[in-house]
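Undergrad: The structure file coords_4.pdb (PDB, C-alpha atoms) is provided below.
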```pdb
ATOM      1  CA  MET A   9      -2.021  18.348 -36.657
ATOM      2  CA  ARG A  10      -3.885  20.439 -39.191
ATOM      3  CA  VAL A  11      -7.138  22.072 -37.995
ATOM      4  CA  ARG A  12      -9.899  23.111 -40.348
ATOM      5  CA  VAL A  13     -13.260  24.688 -39.479
ATOM      6  CA  HIS A  14     -15.968  24.443 -42.142
ATOM      7  CA  LYS A  15     -19.049  26.656 -41.702
ATOM      8  CA  ILE A  16     -22.346  24.999 -42.718
ATOM      9  CA  ASP A  17     -25.953  26.068 -43.136
ATOM     10  CA  ARG A  18     -28.328  25.724 -40.203
ATOM     11  CA  GLU A  19     -30.282  22.966 -41.964
ATOM     12  CA  PHE A  20     -27.312  20.634 -41.471
ATOM     13  CA  GLU A  21     -26.361  19.045 -38.132
ATOM     14  CA  GLU A  22     -23.178  20.319 -36.498
ATOM     15  CA  GLN A  23     -20.554  17.633 -36.049
ATOM     16  CA  VAL A  24     -16.864  17.200 -35.401
ATOM     17  CA  VAL A  25     -14.964  14.668 -37.513
ATOM     18  CA  ILE A  26     -11.447  13.661 -36.512
ATOM     19  CA  GLU A  27      -9.274  11.944 -39.103
ATOM     20  CA  CYS A  28      -6.353  10.130 -37.517
ATOM     21  CA  HIS A  29      -3.982   7.233 -38.171
ATOM     22  CA  GLU A  30      -4.750   5.723 -34.772
ATOM     23  CA  VAL A  31      -6.767   6.735 -31.733
ATOM     24  CA  ARG A  32      -3.979   7.917 -29.427
ATOM     25  CA  THR A  33      -4.431   9.326 -25.934
ATOM     26  CA  GLU A  34      -4.375  12.867 -27.315
ATOM     27  CA  ILE A  35      -7.154  12.033 -29.785
ATOM     28  CA  ALA A  36      -9.228  10.386 -27.022
ATOM     29  CA  ASP A  37      -8.718  13.520 -24.873
ATOM     30  CA  ILE A  38      -9.963  15.734 -27.703
ATOM     31  CA  VAL A  39     -13.014  13.490 -28.196
ATOM     32  CA  THR A  40     -13.828  13.603 -24.465
ATOM     33  CA  TYR A  41     -13.375  17.378 -24.387
ATOM     34  CA  ILE A  42     -15.673  17.913 -27.372
ATOM     35  CA  LYS A  43     -18.316  15.642 -25.891
ATOM     36  CA  SER A  44     -18.267  17.680 -22.687
ATOM     37  CA  LYS A  45     -18.706  21.059 -24.371
ATOM     38  CA  GLY A  46     -22.028  22.668 -25.244
ATOM     39  CA  ASN A  47     -23.789  19.491 -24.235
ATOM     40  CA  THR A  48     -27.182  19.027 -22.765
ATOM     41  CA  LEU A  49     -28.194  16.086 -20.652
ATOM     42  CA  PRO A  50     -31.609  14.446 -20.634
ATOM     43  CA  VAL A  51     -32.991  14.596 -17.097
ATOM     44  CA  TYR A  52     -36.333  13.638 -15.611
ATOM     45  CA  GLU A  53     -38.843  15.020 -13.171
ATOM     46  CA  GLU A  54     -41.977  12.949 -12.546
ATOM     47  CA  ASP A  55     -41.482  11.072 -15.831
ATOM     48  CA  LYS A  56     -41.233  14.296 -17.831
ATOM     49  CA  GLU A  57     -38.010  14.686 -19.779
ATOM     50  CA  TYR A  58     -36.016  17.910 -19.859
ATOM     51  CA  LYS A  59     -32.726  18.920 -21.422
ATOM     52  CA  VAL A  60     -30.306  20.766 -19.132
ATOM     53  CA  PRO A  61     -26.974  22.289 -20.170
ATOM     54  CA  VAL A  62     -24.125  20.463 -18.465
ATOM     55  CA  GLN A  63     -22.543  23.743 -17.362
ATOM     56  CA  ASP A  64     -25.691  24.586 -15.365
ATOM     57  CA  ILE A  65     -25.227  21.550 -13.117
ATOM     58  CA  TYR A  66     -24.046  22.456  -9.625
ATOM     59  CA  TYR A  67     -23.551  18.937  -8.311
ATOM     60  CA  LEU A  68     -24.755  15.359  -8.635
ATOM     61  CA  GLU A  69     -25.641  13.001  -5.870
ATOM     62  CA  SER A  70     -26.364   9.287  -5.830
ATOM     63  CA  VAL A  71     -29.089   8.211  -3.400
ATOM     64  CA  ASP A  72     -30.532   4.668  -3.271
ATOM     65  CA  ASN A  73     -29.162   3.829  -6.738
ATOM     66  CA  HIS A  74     -30.715   6.964  -8.237
ATOM     67  CA  VAL A  75     -28.565   9.831  -9.463
ATOM     68  CA  TYR A  76     -29.917  13.330  -8.957
ATOM     69  CA  VAL A  77     -28.716  16.446 -10.722
ATOM     70  CA  TYR A  78     -28.847  19.694  -8.757
ATOM     71  CA  LEU A  79     -29.105  22.938 -10.683
ATOM     72  CA  LYS A  80     -29.353  26.419  -9.191
ATOM     73  CA  LYS A  81     -32.873  25.851  -7.860
ATOM     74  CA  ASN A  82     -34.158  22.639  -9.429
ATOM     75  CA  VAL A  83     -33.421  18.973  -8.950
ATOM     76  CA  TYR A  84     -33.844  16.310 -11.607
ATOM     77  CA  GLU A  85     -33.099  12.642 -11.914
ATOM     78  CA  LEU A  86     -30.399  11.511 -14.315
ATOM     79  CA  LYS A  87     -30.695   8.089 -15.918
ATOM     80  CA  MET A  88     -26.986   7.483 -15.743
ATOM     81  CA  LYS A  89     -24.623   6.058 -13.144
ATOM     82  CA  LEU A  90     -22.369   8.448 -11.301
ATOM     83  CA  TYR A  91     -19.230   6.765 -12.640
ATOM     84  CA  GLU A  92     -20.579   7.064 -16.225
ATOM     85  CA  PHE A  93     -21.030  10.812 -15.765
ATOM     86  CA  GLU A  94     -17.569  11.010 -14.206
ATOM     87  CA  GLU A  95     -16.040   9.223 -17.208
ATOM     88  CA  LEU A  96     -17.658  11.692 -19.599
ATOM     89  CA  TYR A  97     -17.191  14.932 -17.686
ATOM     90  CA  GLY A  98     -14.718  14.194 -14.901
ATOM     91  CA  ARG A  99     -11.666  15.440 -16.769
ATOM     92  CA  TYR A 100     -12.696  19.067 -16.650
ATOM     93  CA  GLU A 101     -14.834  21.099 -14.311
ATOM     94  CA  PHE A 102     -16.499  18.156 -12.538
ATOM     95  CA  VAL A 103     -14.734  16.336  -9.735
ATOM     96  CA  ARG A 104     -15.691  13.516  -7.377
ATOM     97  CA  CYS A 105     -15.923  14.882  -3.831
ATOM     98  CA  SER A 106     -17.308  11.849  -2.026
ATOM     99  CA  LYS A 107     -18.364   8.292  -2.724
ATOM    100  CA  SER A 108     -21.820   9.468  -3.747
ATOM    101  CA  SER A 109     -21.357  12.948  -5.157
ATOM    102  CA  ILE A 110     -19.658  14.924  -7.902
ATOM    103  CA  VAL A 111     -19.372  18.718  -7.808
ATOM    104  CA  ASN A 112     -18.881  21.366 -10.494
ATOM    105  CA  LEU A 113     -15.695  23.254  -9.590
ATOM    106  CA  LEU A 114     -16.993  26.408 -11.275
ATOM    107  CA  LYS A 115     -19.987  26.555  -8.941
ATOM    108  CA  ILE A 116     -17.991  26.496  -5.680
ATOM    109  CA  ASP A 117     -17.681  29.789  -3.839
ATOM    110  CA  HIS A 118     -15.337  28.721  -1.050
ATOM    111  CA  LEU A 119     -14.304  25.843   1.188
ATOM    112  CA  LYS A 120     -14.416  25.617   4.972
ATOM    113  CA  PRO A 121     -13.269  22.914   7.399
ATOM    114  CA  ALA A 122     -15.690  20.288   8.679
ATOM    115  CA  LEU A 123     -15.381  17.528  11.302
ATOM    116  CA  ASN A 124     -12.851  14.741  10.953
ATOM    117  CA  SER A 125     -10.519  16.272   8.338
ATOM    118  CA  ARG A 126     -13.365  16.834   5.856
ATOM    119  CA  PHE A 127     -14.274  20.048   4.070
ATOM    120  CA  THR A 128     -17.555  21.730   3.225
ATOM    121  CA  ALA A 129     -17.791  23.327  -0.202
ATOM    122  CA  ARG A 130     -20.228  26.223  -0.199
ATOM    123  CA  LEU A 131     -21.721  26.668  -3.657
ATOM    124  CA  ILE A 132     -22.660  29.995  -5.234
ATOM    125  CA  ASN A 133     -26.380  29.262  -4.727
ATOM    126  CA  GLY A 134     -25.834  28.805  -0.980
ATOM    127  CA  GLU A 135     -25.975  25.009  -0.893
ATOM    128  CA  GLU A 136     -23.212  23.014   0.753
ATOM    129  CA  VAL A 137     -21.529  19.828  -0.389
ATOM    130  CA  ILE A 138     -19.227  17.703   1.740
ATOM    131  CA  ILE A 139     -15.759  16.889   0.429
ATOM    132  CA  SER A 140     -14.903  13.713   2.233
ATOM    133  CA  ARG A 141     -11.517  12.986   3.743
ATOM    134  CA  GLN A 142     -10.882  10.237   1.215
ATOM    135  CA  TYR A 143     -11.349  12.583  -1.753
ATOM    136  CA  ALA A 144      -9.866  15.794  -0.282
ATOM    137  CA  SER A 145      -6.308  15.291  -1.579
ATOM    138  CA  SER A 146      -7.413  14.087  -5.027
ATOM    139  CA  PHE A 147      -9.814  17.076  -5.145
ATOM    140  CA  ARG A 148      -6.873  19.400  -4.577
ATOM    141  CA  LYS A 149      -4.683  17.606  -7.124
ATOM    142  CA  LYS A 150      -7.505  17.902  -9.659
ATOM    143  CA  ILE A 151      -7.726  21.681  -9.186
ATOM    144  CA  LYS A 152      -3.990  22.049  -9.680
ATOM    145  CA  LYS A 153      -3.933  19.677 -12.666
ATOM    146  CA  ALA A 154      -7.044  21.184 -14.290
ATOM    147  CA  GLY A 155      -5.700  24.671 -13.624
ATOM    148  CA  SER A 156      -2.509  23.914 -15.510
ATOM    149  CA  ALA A 157      -4.314  22.082 -18.350
ATOM    150  CA  SER A 158      -6.986  24.736 -19.121
TER     151      SER A 158
ATOM    152  CA  MET B  22      -7.505   8.172   5.922
ATOM    153  CA  THR B  23      -4.271   6.294   5.394
ATOM    154  CA  LYS B  24      -2.181   5.202   8.383
ATOM    155  CA  LYS B  25       0.496   7.689   7.335
ATOM    156  CA  ASP B  26      -1.988  10.615   7.280
ATOM    157  CA  PHE B  27      -3.332   9.513  10.666
ATOM    158  CA  ALA B  28       0.184   9.298  12.114
ATOM    159  CA  ILE B  29       0.924  12.853  10.892
ATOM    160  CA  LYS B  30      -2.313  14.044  12.449
ATOM    161  CA  LEU B  31      -1.355  12.376  15.777
ATOM    162  CA  LEU B  32       2.073  14.029  15.631
ATOM    163  CA  ASN B  33       0.462  17.450  15.069
ATOM    164  CA  MET B  34      -1.846  16.781  18.005
ATOM    165  CA  PHE B  35       1.094  15.706  20.193
ATOM    166  CA  PHE B  36       2.920  19.015  19.718
ATOM    167  CA  ILE B  37      -0.239  21.077  20.196
ATOM    168  CA  VAL B  38      -1.218  19.111  23.322
ATOM    169  CA  THR B  39       2.294  19.312  24.818
ATOM    170  CA  THR B  40       2.391  23.092  24.329
ATOM    171  CA  ILE B  41      -1.033  23.602  25.870
ATOM    172  CA  ILE B  42      -0.284  21.254  28.790
ATOM    173  CA  THR B  43       2.905  23.224  29.536
ATOM    174  CA  ILE B  44       0.899  26.446  29.682
ATOM    175  CA  VAL B  45      -1.917  24.899  31.747
ATOM    176  CA  MET B  46       0.585  23.357  34.224
ATOM    177  CA  GLY B  47       2.250  26.725  34.600
ATOM    178  CA  VAL B  48      -1.068  28.483  35.222
ATOM    179  CA  MET B  49      -2.310  25.822  37.670
ATOM    180  CA  GLY B  50       1.010  25.855  39.511
ATOM    181  CA  LEU B  51       0.944  29.628  39.861
ATOM    182  CA  LEU B  52      -2.625  29.493  41.154
ATOM    183  CA  TRP B  53      -2.379  26.601  43.631
ATOM    184  CA  GLU B  54       1.285  25.853  44.396
ATOM    185  CA  ARG B  55       3.079  29.099  43.753
ATOM    186  CA  ASP B  56       5.913  28.515  46.242
ATOM    187  CA  ARG B  57       6.705  24.958  45.177
ATOM    188  CA  LEU B  58      10.248  24.377  43.938
ATOM    189  CA  LEU B  59      10.704  21.959  41.058
ATOM    190  CA  THR B  60      13.563  19.935  39.639
ATOM    191  CA  TYR B  61      14.535  19.408  36.012
ATOM    192  CA  GLU B  62      12.613  16.105  35.818
ATOM    193  CA  VAL B  63       9.417  18.158  35.774
ATOM    194  CA  MET B  64      10.429  19.566  32.345
ATOM    195  CA  PHE B  65       9.682  16.143  30.841
ATOM    196  CA  SER B  66       6.218  15.812  32.342
ATOM    197  CA  PRO B  67       4.367  17.853  29.629
ATOM    198  CA  VAL B  68       6.024  15.660  26.978
ATOM    199  CA  ILE B  69       5.078  12.440  28.803
ATOM    200  CA  ILE B  70       1.540  13.645  29.532
ATOM    201  CA  GLY B  71       1.246  14.863  25.919
ATOM    202  CA  PHE B  72       2.247  11.439  24.606
ATOM    203  CA  ILE B  73      -0.182   9.664  26.930
ATOM    204  CA  SER B  74      -2.935  12.130  25.992
ATOM    205  CA  VAL B  75      -2.588  11.414  22.306
ATOM    206  CA  LEU B  76      -2.968   7.613  22.717
ATOM    207  CA  PRO B  77      -6.814   7.605  23.114
ATOM    208  CA  SER B  78      -7.017   9.394  19.739
ATOM    209  CA  ILE B  79      -6.525   5.978  18.169
ATOM    210  CA  VAL B  80     -10.305   5.483  18.553
ATOM    211  CA  MET B  81     -10.748   8.129  15.844
ATOM    212  CA  TYR B  82      -8.902   6.059  13.216
ATOM    213  CA  SER B  83     -11.047   4.503  10.515
ATOM    214  CA  LYS B  84     -10.251   3.223   7.033
ATOM    215  CA  ILE B  85     -13.796   4.041   5.878
ATOM    216  CA  GLU B  86     -15.562   7.387   5.972
ATOM    217  CA  LEU B  87     -17.474   7.875   9.232
ATOM    218  CA  THR B  88     -20.925   9.416   9.493
ATOM    219  CA  LEU B  89     -21.442  12.534  11.608
ATOM    220  CA  ARG B  90     -23.104  10.426  14.323
ATOM    221  CA  GLN B  91     -20.175   7.988  14.390
ATOM    222  CA  ILE B  92     -17.711  10.893  14.623
ATOM    223  CA  VAL B  93     -19.559  12.453  17.578
ATOM    224  CA  ILE B  94     -19.795   9.098  19.401
ATOM    225  CA  ARG B  95     -16.084   8.457  18.895
ATOM    226  CA  LYS B  96     -15.176  11.959  20.081
ATOM    227  CA  VAL B  97     -17.194  11.490  23.293
ATOM    228  CA  LEU B  98     -15.550   8.072  23.798
ATOM    229  CA  HIS B  99     -12.145   9.662  23.188
ATOM    230  CA  LEU B 100     -12.801  12.336  25.819
ATOM    231  CA  CYS B 101     -13.966   9.754  28.394
ATOM    232  CA  LEU B 102     -10.890   7.573  27.760
ATOM    233  CA  LEU B 103      -8.681  10.627  28.059
ATOM    234  CA  GLU B 104     -10.133  11.620  31.428
ATOM    235  CA  ILE B 105      -9.900   8.067  32.820
ATOM    236  CA  GLU B 106      -6.372   7.591  31.520
ATOM    237  CA  LEU B 107      -5.002  10.864  32.893
ATOM    238  CA  ILE B 108      -6.743  10.530  36.266
ATOM    239  CA  ALA B 109      -5.291   7.005  36.576
ATOM    240  CA  PHE B 110      -1.847   8.318  35.569
ATOM    241  CA  SER B 111      -1.974  11.106  38.147
ATOM    242  CA  LYS B 112      -3.029   8.659  40.889
ATOM    243  CA  ILE B 113      -0.218   6.268  39.969
ATOM    244  CA  MET B 114       2.300   9.159  40.018
ATOM    245  CA  GLY B 115       0.967  10.274  43.405
ATOM    246  CA  ILE B 116       0.015  13.780  42.273
ATOM    247  CA  TRP B 117      -3.719  13.303  42.684
ATOM    248  CA  ASN B 118      -5.354  14.880  45.717
ATOM    249  CA  LYS B 119      -8.732  16.353  46.653
ATOM    250  CA  VAL B 120      -7.548  19.932  46.092
ATOM    251  CA  ILE B 121      -6.480  19.565  42.460
ATOM    252  CA  GLY B 122      -9.012  16.835  41.588
ATOM    253  CA  LEU B 123     -11.776  18.920  40.007
ATOM    254  CA  PRO B 124      -9.459  21.540  38.429
ATOM    255  CA  PHE B 125      -7.436  18.670  36.944
ATOM    256  CA  VAL B 126     -10.520  17.094  35.340
ATOM    257  CA  VAL B 127     -11.685  20.489  34.051
ATOM    258  CA  SER B 128      -8.245  21.326  32.699
ATOM    259  CA  ILE B 129      -8.192  18.043  30.716
ATOM    260  CA  LEU B 130     -11.500  19.068  29.155
ATOM    261  CA  ILE B 131     -10.178  22.568  28.397
ATOM    262  CA  VAL B 132      -7.017  21.157  26.782
ATOM    263  CA  ALA B 133      -9.088  18.707  24.707
ATOM    264  CA  VAL B 134     -11.318  21.545  23.489
ATOM    265  CA  LEU B 135      -8.318  23.793  22.736
ATOM    266  CA  VAL B 136      -6.685  21.001  20.708
ATOM    267  CA  GLN B 137      -9.837  20.728  18.605
ATOM    268  CA  VAL B 138      -9.820  24.521  18.159
ATOM    269  CA  PHE B 139      -6.202  24.442  16.949
ATOM    270  CA  LEU B 140      -6.921  21.534  14.601
ATOM    271  CA  TRP B 141      -9.895  23.474  13.246
ATOM    272  CA  LEU B 142      -7.658  26.516  12.679
ATOM    273  CA  ILE B 143      -5.196  24.311  10.770
ATOM    274  CA  GLY B 144      -8.155  22.982   8.732
ATOM    275  CA  LEU B 145      -9.309  26.557   8.092
ATOM    276  CA  GLN B 146      -5.870  27.532   6.820
ATOM    277  CA  ARG B 147      -5.883  24.485   4.498
ATOM    278  CA  ALA B 148      -9.409  25.329   3.305
ATOM    279  CA  ASN B 149      -8.358  28.919   2.520
ATOM    280  CA  THR B 150      -5.333  27.671   0.553
ATOM    281  CA  ILE B 151      -7.511  25.299  -1.489
ATOM    282  CA  THR B 152     -10.079  28.092  -2.040
ATOM    283  CA  ASN B 153      -7.350  30.365  -3.438
ATOM    284  CA  GLU B 154      -6.179  27.574  -5.751
ATOM    285  CA  LEU B 155      -9.783  27.019  -6.823
ATOM    286  CA  LYS B 156     -10.276  30.728  -7.583
ATOM    287  CA  ALA B 157      -7.133  30.678  -9.746
ATOM    288  CA  PHE B 158      -8.459  27.613 -11.579
ATOM    289  CA  GLN B 159     -11.892  29.230 -12.139
ATOM    290  CA  LYS B 160     -10.308  32.435 -13.463
ATOM    291  CA  GLN B 161      -8.039  30.494 -15.827
ATOM    292  CA  TYR B 162     -10.866  28.220 -16.981
ATOM    293  CA  ARG B 163     -13.214  31.122 -17.769
ATOM    294  CA  ARG B 164     -10.456  32.927 -19.654
ATOM    295  CA  THR B 165      -9.764  29.938 -21.911
ATOM    296  CA  ASN B 166     -13.377  28.803 -22.371
TER     297      ASN B 166
END
```
What's the structure tokens form of this structure?

TA:
Amino acid sequence: MRVRVHKIDREFEEQVVIECHEVRTEIADIVTYIKSKGNTLPVYEEDKEYKVPVQDIYYLESVDNHVYVYLKKNVYELKMKLYEFEELYGRYEFVRCSKSSIVNLLKIDHLKPALNSRFTARLINGEEVIISRQYASSFRKKIKKAGSAS
Amino acid sequence: MTKKDFAIKLLNMFFIVTTIITIVMGVMGLLWERDRLLTYEVMFSPVIIGFISVLPSIVMYSKIELTLRQIVIRKVLHLCLLEIELIAFSKIMGIWNKVIGLPFVVSILIVAVLVQVFLWLIGLQRANTITNELKAFQKQYRRTN
């Protein structure tokens, strides 16, 4: 596959164009990867909209059909379902850790055991997220798989 | 938790419980019946008691994720079942008497707590392994991005 990078003036919008014979798995992977990089997400706090960089998200949690995005100190609402976010960003640094939460692997400081074969992930800002028993082994597989892919 | 994972957990518990029961029986025997002579059949009693002790752990099995409150309730239920089961077993075997009654009940509690401590240590070792893998992933990710 030939790769070309064409520098443009600031007045033009940056974009990535992929020319392919068919949309294979590798092409879909590249598209998903590009979409997840340098992206901002529209989030809301008391009906005011903000744009937050995806890499600043520590974890997401779904409560009463509302998805909340937790940054270092702030919390915003995301107008997106958890599974939609997982489809967009779940291949890389974000991983599902329970039925209602997704965590950013880059924001975890360490893990410690919790009751009933669960784990607690302590984040770098001091917050803690539970990794449920059901997702513990897939969490570990994801780290190994993502570690070999990146 | 799958049935297979639960079975492996029960097997781990069985070996931990059997080891601790052997030690506790030795200590209790030295304290209260030092001069008693035993036959080889006694060597099987920690294994039998260990197997019986693990049976009440079945109350902890659940296909769905339990809340913290549900876990605590089930653990208390497990401990009560364990005490009742082992007291009944000791009465049936004719080893129950007023002298060892209270120490026996306390020793069951101590063994149950020690099993949880060992399981927590196993969990801690697993958590440390996953943390190391995570650190390697983070280092690699930051290098390539």

Undergrad: For each of A:Glu135, A:Leu49, A:Glu19, A:Tyr41, take the minimum atom-to-atom distance to chain B, counting all atoms listed in the file, then give the residue where this is smallest.

TA: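 Between A:Glu135, A:Leu49, A:Glu19, A:Tyr41, the residue approaching chain B most closely is A:Tyr41.
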
Undergrad: For chain B, which residue among A:Tyr143, A:Phe93, A:Tyr52, A:Tyr76 is the nearest when counting all atoms listed in the file?

TA: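 The shortest atom-to-atom distance to chain B comes from A:Tyr143.
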
Undergrad: Decode the ChimeraX specification (/B :<9) & /A for the given file into explicit residues and return them as a PyMOL selection string.

TA: chain A and resi 101+113-114+116-128+140-142+148+151-152+154-156+158

Undergrad: Need to verify the contact set: Leu86 in chain A, 12 Å, all atoms listed in the file, exclusion of same-chain residues closer than 3 positions in sequence. Can you return it as JSON, numbers by chain?

TA: {"A": [48, 49, 50, 51, 52, 53, 54, 55, 56, 57, 58, 59, 60, 62, 65, 67, 68, 69, 70, 71, 73, 74, 75, 76, 77, 78, 83, 89, 90, 92, 93]}

Undergrad: For the PyMOL selection byres ((chain B and resi 49) around 12), applied here, can you spell out every residue it catches as a PDB file with C-alpha atoms, in the frame of the given file?

TA:
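See expr_15.pdb below for the written result:
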```pdb
ATOM      1  CA  ILE B  42      -0.284  21.254  28.790  1.00  0.00           C
ATOM      2  CA  THR B  43       2.905  23.224  29.536  1.00  0.00           C
ATOM      3  CA  ILE B  44       0.899  26.446  29.682  1.00  0.00           C
ATOM      4  CA  VAL B  45      -1.917  24.899  31.747  1.00  0.00           C
ATOM      5  CA  MET B  46       0.585  23.357  34.224  1.00  0.00           C
ATOM      6  CA  GLY B  47       2.250  26.725  34.600  1.00  0.00           C
ATOM      7  CA  VAL B  48      -1.068  28.483  35.222  1.00  0.00           C
ATOM      8  CA  GLY B  50       1.010  25.855  39.511  1.00  0.00           C
ATOM      9  CA  LEU B  51       0.944  29.628  39.861  1.00  0.00           C
ATOM     10  CA  LEU B  52      -2.625  29.493  41.154  1.00  0.00           C
ATOM     11  CA  TRP B  53      -2.379  26.601  43.631  1.00  0.00           C
ATOM     12  CA  GLU B  54       1.285  25.853  44.396  1.00  0.00           C
ATOM     13  CA  ARG B  55       3.079  29.099  43.753  1.00  0.00           C
ATOM     14  CA  ARG B  57       6.705  24.958  45.177  1.00  0.00           C
ATOM     15  CA  VAL B 120      -7.548  19.932  46.092  1.00  0.00           C
ATOM     16  CA  ILE B 121      -6.480  19.565  42.460  1.00  0.00           C
ATOM     17  CA  GLY B 122      -9.012  16.835  41.588  1.00  0.00           C
ATOM     18  CA  LEU B 123     -11.776  18.920  40.007  1.00  0.00           C
ATOM     19  CA  PRO B 124      -9.459  21.540  38.429  1.00  0.00           C
ATOM     20  CA  PHE B 125      -7.436  18.670  36.944  1.00  0.00           C
ATOM     21  CA  VAL B 127     -11.685  20.489  34.051  1.00  0.00           C
ATOM     22  CA  SER B 128      -8.245  21.326  32.699  1.00  0.00           C
ATOM     23  CA  ILE B 129      -8.192  18.043  30.716  1.00  0.00           C
TER      24      ILE B 129
END
```

Undergrad: Could you jot down the CA of Glu27 in chain A to CA of Val13 in chain A separation for me, Å, one decimal place?

TA: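 These two atoms are separated by 13.4 Å.
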
Undergrad: What is the distance between CA of Cys101 in chain B and CA of Ser78 in chain B, in Å to one decimal?

TA: 11.1 Å

Undergrad: Just to confirm, what's the straight-line distance from CA of Ile42 in chain A to CA of Glu95 in chain A in Å (one decimal)?

TA: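 Spanning CA of Ile42 in chain A to CA of Glu95 in chain A is a straight-line distance of 13.4 Å.
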
Undergrad: So, with all atoms listed in the file as the atoms that count, which of A:Ala144, A:Ala36, A:Cys28, A:Ile16 lies closest to Val103 in chain A?

TA: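 Going through A:Ala144, A:Ala36, A:Cys28, A:Ile16 one by one, the smallest distance to Val103 in chain A is for A:Ala144.
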
Undergrad: Name the residues that the PyMOL selection byres ((chain B and resi 62-75) around 9) pulls out of this structure, and write them as a PyMOL selection string.

TA: chain B and resi 31-32+34-43+46+59-61+76-79+103+106-107+110
